[in-house]
file upload.tsv (TSV, C-alpha atoms)
chain	number	residue	atom	x	y	z
A	1	MET	CA	0.00	0.00	0.00
A	2	ALA	CA	2.45	2.65	-1.21
A	3	ASN	CA	1.41	6.30	-0.95
A	4	ALA	CA	1.74	8.05	-4.33
A	5	VAL	CA	1.83	11.50	-2.70
A	6	PRO	CA	2.27	12.59	0.92
A	7	ILE	CA	-0.97	12.40	2.86
A	8	ASP	CA	-2.30	15.36	4.81
A	9	TRP	CA	-3.60	13.42	7.80
A	10	SER	CA	-5.57	16.40	9.10
A	11	LYS	CA	-8.07	16.23	6.24
A	12	GLY	CA	-10.46	13.66	4.80
A	13	GLU	CA	-10.95	9.98	5.59
A	14	GLN	CA	-7.81	8.27	4.40
A	15	SER	CA	-5.57	5.26	4.85
A	16	GLY	CA	-1.94	4.80	4.01
A	17	LEU	CA	1.51	3.79	5.12
A	18	VAL	CA	3.68	5.95	7.36
A	19	ASP	CA	7.45	5.37	7.35
A	20	ILE	CA	8.79	5.16	10.90
A	21	GLY	CA	12.38	4.48	9.84
A	22	THR	CA	12.67	0.72	10.19
A	23	HIS	CA	9.43	-0.07	8.37
A	24	LYS	CA	5.95	1.30	7.66
A	25	LEU	CA	2.77	1.28	9.70
A	26	CYS	CA	-0.74	1.56	8.28
A	27	LEU	CA	-2.74	4.52	9.55
A	28	TYR	CA	-6.45	5.30	9.11
A	29	SER	CA	-8.21	8.64	9.65
A	30	HIS	CA	-11.89	9.12	10.44
A	31	GLY	CA	-14.26	12.03	10.85
A	32	PRO	CA	-14.14	15.77	10.25
A	33	ASP	CA	-11.09	17.75	9.16
A	34	ARG	CA	-8.98	18.90	12.07
A	35	LYS	CA	-8.73	22.55	12.95
A	36	PRO	CA	-5.40	23.82	14.34
A	37	GLY	CA	-5.00	23.02	18.02
A	38	GLU	CA	-8.05	20.76	18.27
A	39	PRO	CA	-7.68	17.44	20.14
A	40	VAL	CA	-7.88	14.21	18.15
A	41	VAL	CA	-8.66	10.68	19.26
A	42	ILE	CA	-6.10	7.88	18.90
A	43	CYS	CA	-7.44	4.33	19.39
A	44	ILE	CA	-5.14	1.70	20.91
A	45	THR	CA	-6.30	-1.90	20.79
A	46	GLY	CA	-5.83	-4.72	23.27
A	47	LEU	CA	-3.55	-7.74	23.14
A	48	ALA	CA	-3.20	-9.25	19.65
A	49	SER	CA	-6.30	-7.39	18.55
A	50	SER	CA	-7.38	-5.59	15.38
A	51	CYS	CA	-8.02	-1.88	14.98
A	52	LYS	CA	-11.07	-2.86	12.91
A	53	ALA	CA	-12.82	-3.64	16.22
A	54	SER	CA	-13.03	0.13	16.83
A	55	ALA	CA	-15.16	0.75	13.73
A	56	ALA	CA	-18.36	1.54	15.65
A	57	VAL	CA	-16.54	3.96	17.96
A	58	THR	CA	-14.89	5.90	15.15
A	59	ARG	CA	-18.18	6.00	13.24
A	60	LEU	CA	-20.08	7.42	16.22
A	61	LEU	CA	-17.31	9.93	16.94
A	62	LYS	CA	-17.52	11.49	13.47
A	63	PRO	CA	-20.01	14.24	14.38
A	64	HIS	CA	-17.78	15.31	17.26
A	65	ILE	CA	-14.07	14.84	16.68
A	66	ARG	CA	-11.43	13.48	14.31
A	67	SER	CA	-10.03	10.07	15.19
A	68	TYR	CA	-7.30	7.70	14.06
A	69	THR	CA	-6.72	3.96	14.18
A	70	TYR	CA	-3.64	2.06	13.12
A	71	ASP	CA	-2.28	-1.43	12.63
A	72	ARG	CA	0.59	-2.37	14.90
A	73	SER	CA	3.65	-3.93	13.27
A	74	GLY	CA	2.80	-7.14	11.43
A	75	PHE	CA	-0.97	-6.66	11.67
A	76	GLY	CA	-3.36	-5.60	8.92
A	77	GLY	CA	-1.77	-3.30	6.38
A	78	SER	CA	1.40	-2.67	8.40
A	79	GLU	CA	4.74	-4.15	7.52
A	80	LEU	CA	6.58	-6.71	9.61
A	81	CYS	CA	9.34	-5.57	11.95
A	82	ARG	CA	12.35	-7.29	13.45
A	83	ARG	CA	11.80	-5.56	16.78
A	84	ILE	CA	10.42	-7.75	19.56
A	85	PRO	CA	6.72	-6.81	19.89
A	86	ASN	CA	6.87	-6.04	23.61
A	87	SER	CA	5.10	-3.14	25.29
A	88	THR	CA	8.02	-0.70	25.16
A	89	ASN	CA	8.71	-1.30	21.48
A	90	ILE	CA	5.02	-1.00	20.58
A	91	ALA	CA	4.93	2.34	22.43
A	92	LEU	CA	8.08	3.52	20.66
A	93	GLU	CA	6.56	2.71	17.28
A	94	LEU	CA	3.37	4.61	18.16
A	95	ASP	CA	5.51	7.60	19.11
A	96	LEU	CA	7.34	7.43	15.78
A	97	LEU	CA	4.06	7.01	13.89
A	98	LEU	CA	2.52	10.16	15.36
A	99	LYS	CA	5.71	12.18	14.85
A	100	ASN	CA	6.31	11.03	11.29
A	101	ALA	CA	2.72	11.25	9.99
A	102	PRO	CA	2.76	13.89	11.54
A	103	ILE	CA	-0.19	14.10	13.91
A	104	ALA	CA	0.45	16.71	16.58
A	105	PRO	CA	-1.03	16.76	20.09
A	106	PRO	CA	-3.28	17.22	21.96
A	107	TYR	CA	-4.48	13.62	21.92
A	108	ILE	CA	-7.33	11.75	23.56
A	109	PHE	CA	-6.28	8.11	23.69
A	110	ILE	CA	-8.96	5.44	23.77
A	111	ALA	CA	-7.05	2.49	25.21
A	112	HIS	CA	-8.67	-0.92	25.56
A	113	SER	CA	-7.39	-3.63	27.91
A	114	TYR	CA	-3.64	-4.15	27.20
A	115	GLY	CA	-3.80	-0.80	25.42
A	116	GLY	CA	-3.94	0.77	28.88
A	117	ILE	CA	-0.35	-0.36	29.48
A	118	LEU	CA	0.76	0.56	25.95
A	119	VAL	CA	-0.51	4.14	26.22
A	120	ARG	CA	1.29	4.62	29.54
A	121	GLU	CA	4.51	3.35	27.99
A	122	PHE	CA	3.95	5.92	25.23
A	123	LEU	CA	3.36	8.68	27.80
A	124	HIS	CA	6.53	7.66	29.63
A	125	LEU	CA	8.47	8.57	26.49
A	126	GLN	CA	7.10	12.11	26.49
A	127	PRO	CA	8.94	14.94	28.27
A	128	ASN	CA	5.67	16.53	29.40
A	129	PRO	CA	2.73	14.10	29.05
A	130	THR	CA	0.31	16.38	30.93
A	131	SER	CA	0.45	18.87	28.07
A	132	ILE	CA	-0.36	16.47	25.25
A	133	ALA	CA	-2.82	13.79	26.29
A	134	SER	CA	-6.02	12.70	28.02
A	135	LEU	CA	-7.18	9.11	28.40
A	136	VAL	CA	-10.35	7.07	28.01
A	137	LEU	CA	-9.51	3.69	29.52
A	138	LEU	CA	-11.72	0.74	28.59
A	139	GLY	CA	-11.22	-2.13	31.02
A	140	ALA	CA	-7.57	-1.08	31.09
A	141	ASN	CA	-4.91	-3.38	32.48
A	142	HIS	CA	-3.57	-2.29	35.87
A	143	ASP	CA	0.04	-2.89	36.92
A	144	HIS	CA	-1.04	-5.64	39.35
A	145	MET	CA	-3.79	-7.22	37.25
A	146	ALA	CA	-1.81	-10.27	36.16
A	147	LYS	CA	-1.08	-11.06	39.81
A	148	LEU	CA	-4.67	-10.63	41.01
A	149	ILE	CA	-6.90	-11.42	38.02
A	150	ASP	CA	-5.28	-13.99	35.76
A	151	TRP	CA	-7.82	-14.66	33.01
A	152	ARG	CA	-5.30	-17.02	31.38
A	153	HIS	CA	-5.60	-19.59	34.21
A	154	PRO	CA	-6.12	-23.13	32.78
A	155	ALA	CA	-9.12	-23.71	35.08
A	156	ILE	CA	-11.07	-20.98	33.27
A	157	TRP	CA	-10.65	-22.47	29.85
A	158	SER	CA	-11.33	-25.97	31.10
A	159	MET	CA	-14.64	-24.73	32.56
A	160	ALA	CA	-15.42	-22.83	29.34
A	161	ALA	CA	-14.77	-25.81	27.07
A	162	ASN	CA	-17.46	-26.31	24.39
A	163	LEU	CA	-19.74	-23.63	25.82
A	164	ASP	CA	-21.98	-21.78	23.38
A	165	PHE	CA	-21.26	-18.21	24.46
A	166	SER	CA	-24.14	-16.92	22.35
A	167	THR	CA	-26.55	-18.47	24.88
A	168	LEU	CA	-25.14	-16.55	27.85
A	169	PRO	CA	-27.22	-13.49	28.82
A	170	SER	CA	-24.42	-10.92	28.53
A	171	PHE	CA	-23.38	-12.28	25.16
A	172	THR	CA	-26.83	-12.32	23.56
A	173	ASP	CA	-26.93	-8.59	22.83
A	174	PRO	CA	-25.44	-8.16	19.36
A	175	HIS	CA	-22.30	-6.13	18.78
A	176	THR	CA	-22.88	-2.72	17.27
A	177	LEU	CA	-20.71	-2.98	14.19
A	178	THR	CA	-22.54	-2.84	10.85
A	179	PRO	CA	-22.55	-6.08	8.81
A	180	GLU	CA	-19.82	-4.64	6.57
A	181	GLU	CA	-17.70	-3.52	9.55
A	182	TRP	CA	-18.12	-6.91	11.20
A	183	ASP	CA	-17.11	-8.82	8.06
A	184	ILE	CA	-13.99	-6.67	7.65
A	185	TYR	CA	-13.08	-7.17	11.31
A	186	GLN	CA	-13.61	-10.93	11.22
A	187	ALA	CA	-11.65	-11.31	7.99
A	188	ASP	CA	-8.77	-9.37	9.51
A	189	ILE	CA	-8.46	-11.44	12.69
A	190	ALA	CA	-8.89	-14.68	10.72
A	191	SER	CA	-6.05	-13.86	8.33
A	192	THR	CA	-2.84	-15.87	8.46
A	193	LYS	CA	-0.88	-12.63	8.83
A	194	HIS	CA	-2.86	-11.54	11.89
A	195	MET	CA	-2.65	-14.89	13.62
A	196	ALA	CA	1.10	-15.13	13.03
A	197	GLN	CA	1.75	-11.68	14.52
A	198	ALA	CA	-0.63	-12.37	17.41
A	199	ASP	CA	1.46	-15.43	18.27
A	200	LEU	CA	4.53	-13.17	18.38
A	201	GLU	CA	2.87	-10.52	20.57
A	202	ARG	CA	1.23	-12.71	23.23
A	203	PRO	CA	4.39	-14.14	24.85
A	204	HIS	CA	5.48	-10.63	25.89
A	205	TYR	CA	2.21	-9.80	27.66
A	206	THR	CA	3.09	-10.97	31.17
A	207	ALA	CA	6.40	-9.11	31.29
A	208	ALA	CA	4.62	-5.86	30.40
A	209	PHE	CA	3.10	-5.65	33.89
A	210	GLU	CA	6.44	-5.63	35.69
A	211	THR	CA	7.85	-3.23	33.11
A	212	ILE	CA	5.09	-0.66	33.57
A	213	GLU	CA	5.07	-1.05	37.36
A	214	ALA	CA	8.78	-0.18	37.43
A	215	LYS	CA	7.93	3.21	35.87
A	216	GLY	CA	6.29	4.22	39.16
A	217	HIS	CA	3.24	5.91	37.63
A	218	MET	CA	0.93	4.73	40.39
A	219	GLN	CA	3.26	5.74	43.23
A	220	ARG	CA	3.94	9.35	42.26
A	221	ALA	CA	1.77	10.77	45.07
A	222	GLU	CA	3.74	8.77	47.64
A	223	LYS	CA	6.88	10.50	46.40
A	224	GLY	CA	5.28	13.93	46.56
A	225	GLU	CA	5.13	14.12	42.77
A	226	PRO	CA	2.10	15.28	40.72
A	227	PRO	CA	0.07	12.68	38.78
A	228	LEU	CA	1.38	11.52	35.43
A	229	LEU	CA	-1.54	13.35	33.77
A	230	GLY	CA	-3.33	16.52	34.76
A	231	ASP	CA	-6.39	15.84	32.60
A	232	SER	CA	-8.97	13.08	32.59
A	233	PRO	CA	-8.54	9.33	32.31
A	234	VAL	CA	-11.81	7.41	32.34
A	235	ALA	CA	-12.12	3.74	33.30
A	236	ALA	CA	-15.06	1.61	32.13
A	237	GLN	CA	-15.41	-1.86	33.60
A	238	SER	CA	-16.84	-5.05	32.13
A	239	LYS	CA	-18.67	-7.80	34.04
A	240	GLY	CA	-16.09	-10.55	34.29
A	241	PHE	CA	-16.43	-14.34	34.24
A	242	GLN	CA	-19.37	-15.20	36.52
A	243	GLU	CA	-21.64	-16.36	33.67
A	244	ILE	CA	-18.90	-18.55	32.19
A	245	TYR	CA	-18.36	-20.18	35.58
A	246	ASP	CA	-22.10	-20.81	36.11
A	247	ALA	CA	-22.57	-22.25	32.62
A	248	GLY	CA	-19.45	-24.39	32.88
A	249	LEU	CA	-20.56	-25.76	36.23
A	250	LYS	CA	-24.00	-26.58	34.85
A	251	ALA	CA	-22.39	-28.38	31.90
A	252	GLY	CA	-20.18	-30.41	34.23
A	253	ASN	CA	-16.98	-28.95	32.76
A	254	GLY	CA	-13.68	-29.14	34.58
A	255	SER	CA	-12.42	-31.34	37.37
A	256	PRO	CA	-13.59	-30.71	40.95
A	257	GLU	CA	-10.27	-28.99	41.61
A	258	GLU	CA	-10.67	-26.72	38.56
A	259	GLN	CA	-14.25	-25.90	39.51
A	260	ALA	CA	-13.15	-24.96	43.03
A	261	THR	CA	-10.24	-22.87	41.73
A	262	PHE	CA	-12.36	-20.95	39.24
A	263	GLY	CA	-15.12	-20.47	41.83
A	264	LYS	CA	-12.69	-18.85	44.27
A	265	MET	CA	-11.35	-16.58	41.53
A	266	VAL	CA	-14.79	-15.43	40.38
A	267	ALA	CA	-15.89	-14.71	43.94
A	268	THR	CA	-13.29	-11.97	44.30
A	269	TRP	CA	-12.76	-10.71	40.72
A	270	LYS	CA	-15.53	-8.13	40.52
A	271	GLU	CA	-14.46	-6.43	43.73
A	272	THR	CA	-10.78	-6.67	42.77
A	273	HIS	CA	-11.33	-5.31	39.28
A	274	GLU	CA	-13.34	-2.36	40.61
A	275	ARG	CA	-10.57	-1.60	43.10
A	276	LEU	CA	-7.91	-1.72	40.38
A	277	GLN	CA	-9.93	0.54	38.10
A	278	ASN	CA	-10.35	3.01	40.95
A	279	GLU	CA	-6.61	2.94	41.60
A	280	LEU	CA	-6.00	4.07	38.01
A	281	GLN	CA	-7.34	7.44	39.13
A	282	ALA	CA	-3.84	8.01	40.52
A	283	LEU	CA	-2.84	8.86	36.96
A	284	SER	CA	-4.66	12.19	37.10
A	285	SER	CA	-6.20	14.80	39.37
A	286	CYS	CA	-9.24	14.96	37.05
A	287	THR	CA	-10.88	11.55	36.84
A	288	LYS	CA	-14.14	9.73	36.32
A	289	VAL	CA	-14.87	6.02	36.76
A	290	ARG	CA	-17.90	4.37	35.18
A	291	TYR	CA	-19.00	0.76	35.49
A	292	LEU	CA	-20.82	-0.90	32.61
A	293	ALA	CA	-22.90	-4.05	32.32
A	294	CYS	CA	-21.44	-5.18	29.00
A	295	GLN	CA	-18.59	-7.61	28.45
A	296	HIS	CA	-14.89	-6.78	28.13
A	297	ASN	CA	-15.03	-5.50	24.55
A	298	VAL	CA	-16.78	-2.25	25.41
A	299	HIS	CA	-15.82	-0.64	22.10
A	300	GLU	CA	-17.74	-3.34	20.23
A	301	ASP	CA	-20.71	-3.82	22.57
A	302	ASP	CA	-21.36	-0.32	23.89
A	303	PRO	CA	-19.51	2.20	21.70
A	304	GLN	CA	-21.98	4.96	22.60
A	305	SER	CA	-20.68	4.86	26.18
A	306	VAL	CA	-17.15	5.31	24.82
A	307	VAL	CA	-18.27	8.36	22.85
A	308	GLU	CA	-19.88	9.77	25.99
A	309	GLU	CA	-16.58	9.46	27.86
A	310	VAL	CA	-14.71	11.19	25.03
A	311	LEU	CA	-17.24	14.04	25.18
A	312	TRP	CA	-16.78	14.22	28.96
A	313	VAL	CA	-13.01	14.47	28.46
A	314	LEU	CA	-13.48	17.26	25.92
A	315	LYS	CA	-15.75	19.13	28.33
A	316	ALA	CA	-13.38	18.59	31.25
A	317	ARG	CA	-10.41	19.81	29.20
A	318	LYS	CA	-12.33	22.91	28.13
A	319	GLU	CA	-13.61	23.77	31.60
A	320	GLY	CA	-10.54	22.68	33.55
A	321	LYS	CA	-12.61	20.72	36.07
A	322	GLY	CA	-11.21	18.59	38.85
A	323	SER	CA	-12.22	15.08	39.89
A	324	ALA	CA	-15.70	13.92	38.77

call {"tool": "encode", "arguments": {"input": "upload.tsv", "output": "structure tokens"}}
result
Amino acid sequence: MANAVPIDWSKGEQSGLVDIGTHKLCLYSHGPDRKPGEPVVICITGLASSCKASAAVTRLLKPHIRSYTYDRSGFGGSELCRRIPNSTNIALELDLLLKNAPIAPPYIFIAHSYGGILVREFLHLQPNPTSIASLVLLGANHDHMAKLIDWRHPAIWSMAANLDFSTLPSFTDPHTLTPEEWDIYQADIASTKHMAQADLERPHYTAAFETIEAKGHMQRAEKGEPPLLGDSPVAAQSKGFQEIYDAGLKAGNGSPEEQATFGKMVATWKETHERLQNELQALSSCTKVRYLACQHNVHEDDPQSVVEEVLWVLKARKEGKGSA
């Protein structure tokens, strides 16, 4: 996907490759032309995910603000890279992408799940992150999440074996992507290229928690330092695994030991996840936490709520409000 002429990323809905030095990343723009100094939205996907999952969010944002999505190295239209796809390298490549496009701040990052760690690694690279960015965090990973809420535990997947998720109450509401958006998304994640890069990205997930914790973002107040951000991160929480546990138990899945292990995990996850999401308010002095009834993929299932949080961030930035 070579660009015949340089793209003005502030205008029109476009897609193309941006050279970041070592290789090229595929960038997509959505919504109205940008006026000088206006904030723009940058969407950051979760672990081994596709930016096509954000289609409903970017569509609903169009009346309000310009937004951008992109394919990480090796995914979608982006080229492969020899760099290890760990959290720090992914953040470095995002930094290079925005500088080389160029897309200037201020930014409002919509970061889903693992994207919550990636955006903080990006912010750690910036000399003055408070001046360039606000956050909308969708079920964002917390530094301690892997220690306290390990969704990769074998007992979970043993209990979930052969379940028809479409019969579970929280999964019966359809996603909000259009049929065309859904087909594009599904084709992307089913591609050989996507699956190969996903296999390269996943092994570096666990180490990302220790890496981000070492940055000390959550402990700045203890050191008498101001929050990493002075604007407005927003955390939206999903429901968790209770329905999977109940359905798996009813189906007789898992050994007695696995059932007991998963049961103990589920009993504490909701409370733990809420506590972790609340702790993310340490990133800013202007925060808002909202709990949702949908599943983890908020951007697919309830994109209107994401838009509402972006609008809240815009209002908070304009009015300079404190904690909400």

call {"tool": "residues_near_point", "arguments": {"input": "upload.tsv", "point": "(-15.1, 14.4, 16.4)", "cutoff": "10 Å", "atoms": "all atoms listed in the file", "output": "list in words"}}
result
His30, Gly31, Pro32, Asp33, Arg34, Glu38, Pro39, Val40, Val41, Thr58, Arg59, Leu60, Leu61, Lys62, Pro63, His64, Ile65, Arg66, Ser67, Val307, Val310 and Leu311 of chain A

call {"tool": "write_last_selection", "arguments": {"input": "upload.tsv", "atoms": "C-alpha atoms", "output": "CSV table (one decimal), in the frame of the given file"}}
result
chain,number,residue,atom,x,y,z
A,30,HIS,CA,-11.9,9.1,10.4
A,31,GLY,CA,-14.3,12.0,10.8
A,32,PRO,CA,-14.1,15.8,10.2
A,33,ASP,CA,-11.1,17.8,9.2
A,34,ARG,CA,-9.0,18.9,12.1
A,38,GLU,CA,-8.0,20.8,18.3
A,39,PRO,CA,-7.7,17.4,20.1
A,40,VAL,CA,-7.9,14.2,18.2
A,41,VAL,CA,-8.7,10.7,19.3
A,58,THR,CA,-14.9,5.9,15.2
A,59,ARG,CA,-18.2,6.0,13.2
A,60,LEU,CA,-20.1,7.4,16.2
A,61,LEU,CA,-17.3,9.9,16.9
A,62,LYS,CA,-17.5,11.5,13.5
A,63,PRO,CA,-20.0,14.2,14.4
A,64,HIS,CA,-17.8,15.3,17.3
A,65,ILE,CA,-14.1,14.8,16.7
A,66,ARG,CA,-11.4,13.5,14.3
A,67,SER,CA,-10.0,10.1,15.2
A,307,VAL,CA,-18.3,8.4,22.8
A,310,VAL,CA,-14.7,11.2,25.0
A,311,LEU,CA,-17.2,14.0,25.2

call {"tool": "residues_around", "arguments": {"input": "upload.tsv", "residues": "A:Val57", "least_positions_apart": "3", "cutoff": "10 Å", "atoms": "only C-alpha atoms", "output": "number ranges by chain"}}
result
A: 43, 53-54, 60-62, 67, 110, 176-177, 298-307

call {"tool": "closest_residue", "arguments": {"input": "upload.tsv", "among": "A:Lys288, A:Gln281, A:Val266, A:Trp182", "to": "A:Arg220", "atoms": "all atoms listed in the file"}}
result
A:Gln281

call {"tool": "residues_near_point", "arguments": {"input": "upload.tsv", "point": "(-1.5, 11.8, 26.2)", "cutoff": "7 Å", "atoms": "all atoms listed in the file", "output": "count of residues only"}}
result
10

call {"tool": "closest_residue", "arguments": {"input": "upload.tsv", "among": "A:Tyr28, A:Glu279, A:Arg290, A:Ile212", "to": "A:Leu98", "atoms": "only C-alpha atoms"}}
result
A:Tyr28

call {"tool": "closest_residue", "arguments": {"input": "upload.tsv", "among": "A:Ala155, A:Ala251, A:Ala316, A:Ala56", "to": "A:Gly230", "atoms": "all atoms listed in the file"}}
result
A:Ala316

call {"tool": "closest_residue", "arguments": {"input": "upload.tsv", "among": "A:Pro127, A:Pro154, A:Gly77, A:Gly116", "to": "A:Ser255", "atoms": "only C-alpha atoms"}}
result
A:Pro154

call {"tool": "closest_residue", "arguments": {"input": "upload.tsv", "among": "A:Gln14, A:Asn141, A:Thr206, A:Gln242", "to": "A:Ile117", "atoms": "only C-alpha atoms"}}
result
A:Asn141

call {"tool": "closest_residue", "arguments": {"input": "upload.tsv", "among": "A:Tyr205, A:Leu96, A:Ala160, A:Leu292", "to": "A:Tyr245", "atoms": "only C-alpha atoms"}}
result
A:Ala160

call {"tool": "residues_around", "arguments": {"input": "upload.tsv", "residues": "stretch 190-195 of chain A", "least_positions_apart": "4", "cutoff": "8 Å", "atoms": "only C-alpha atoms", "output": "list in words"}}
result
Gly74, Phe75, Gly76, Gln186 and Asp199 of chain A

call {"tool": "write_last_selection", "arguments": {"input": "upload.tsv", "atoms": "C-alpha atoms", "output": "PDB file, in the frame of the given file"}}
result
ATOM      1  CA  GLY A  74       2.800  -7.140  11.430  1.00  0.00           C
ATOM      2  CA  PHE A  75      -0.970  -6.660  11.670  1.00  0.00           C
ATOM      3  CA  GLY A  76      -3.360  -5.600   8.920  1.00  0.00           C
ATOM      4  CA  GLN A 186     -13.610 -10.930  11.220  1.00  0.00           C
ATOM      5  CA  ASP A 199       1.460 -15.430  18.270  1.00  0.00           C
TER       6      ASP A 199
END

call {"tool": "atom_distance", "arguments": {"input": "upload.tsv", "atom1": "atom CA of A:Gly139", "atom2": "atom CA of A:Arg275"}}
result
12.1 Å

call {"tool": "atom_distance", "arguments": {"input": "upload.tsv", "atom1": "atom CA of A:Thr22", "atom2": "atom CA of A:Leu200"}}
result
18.1 Å
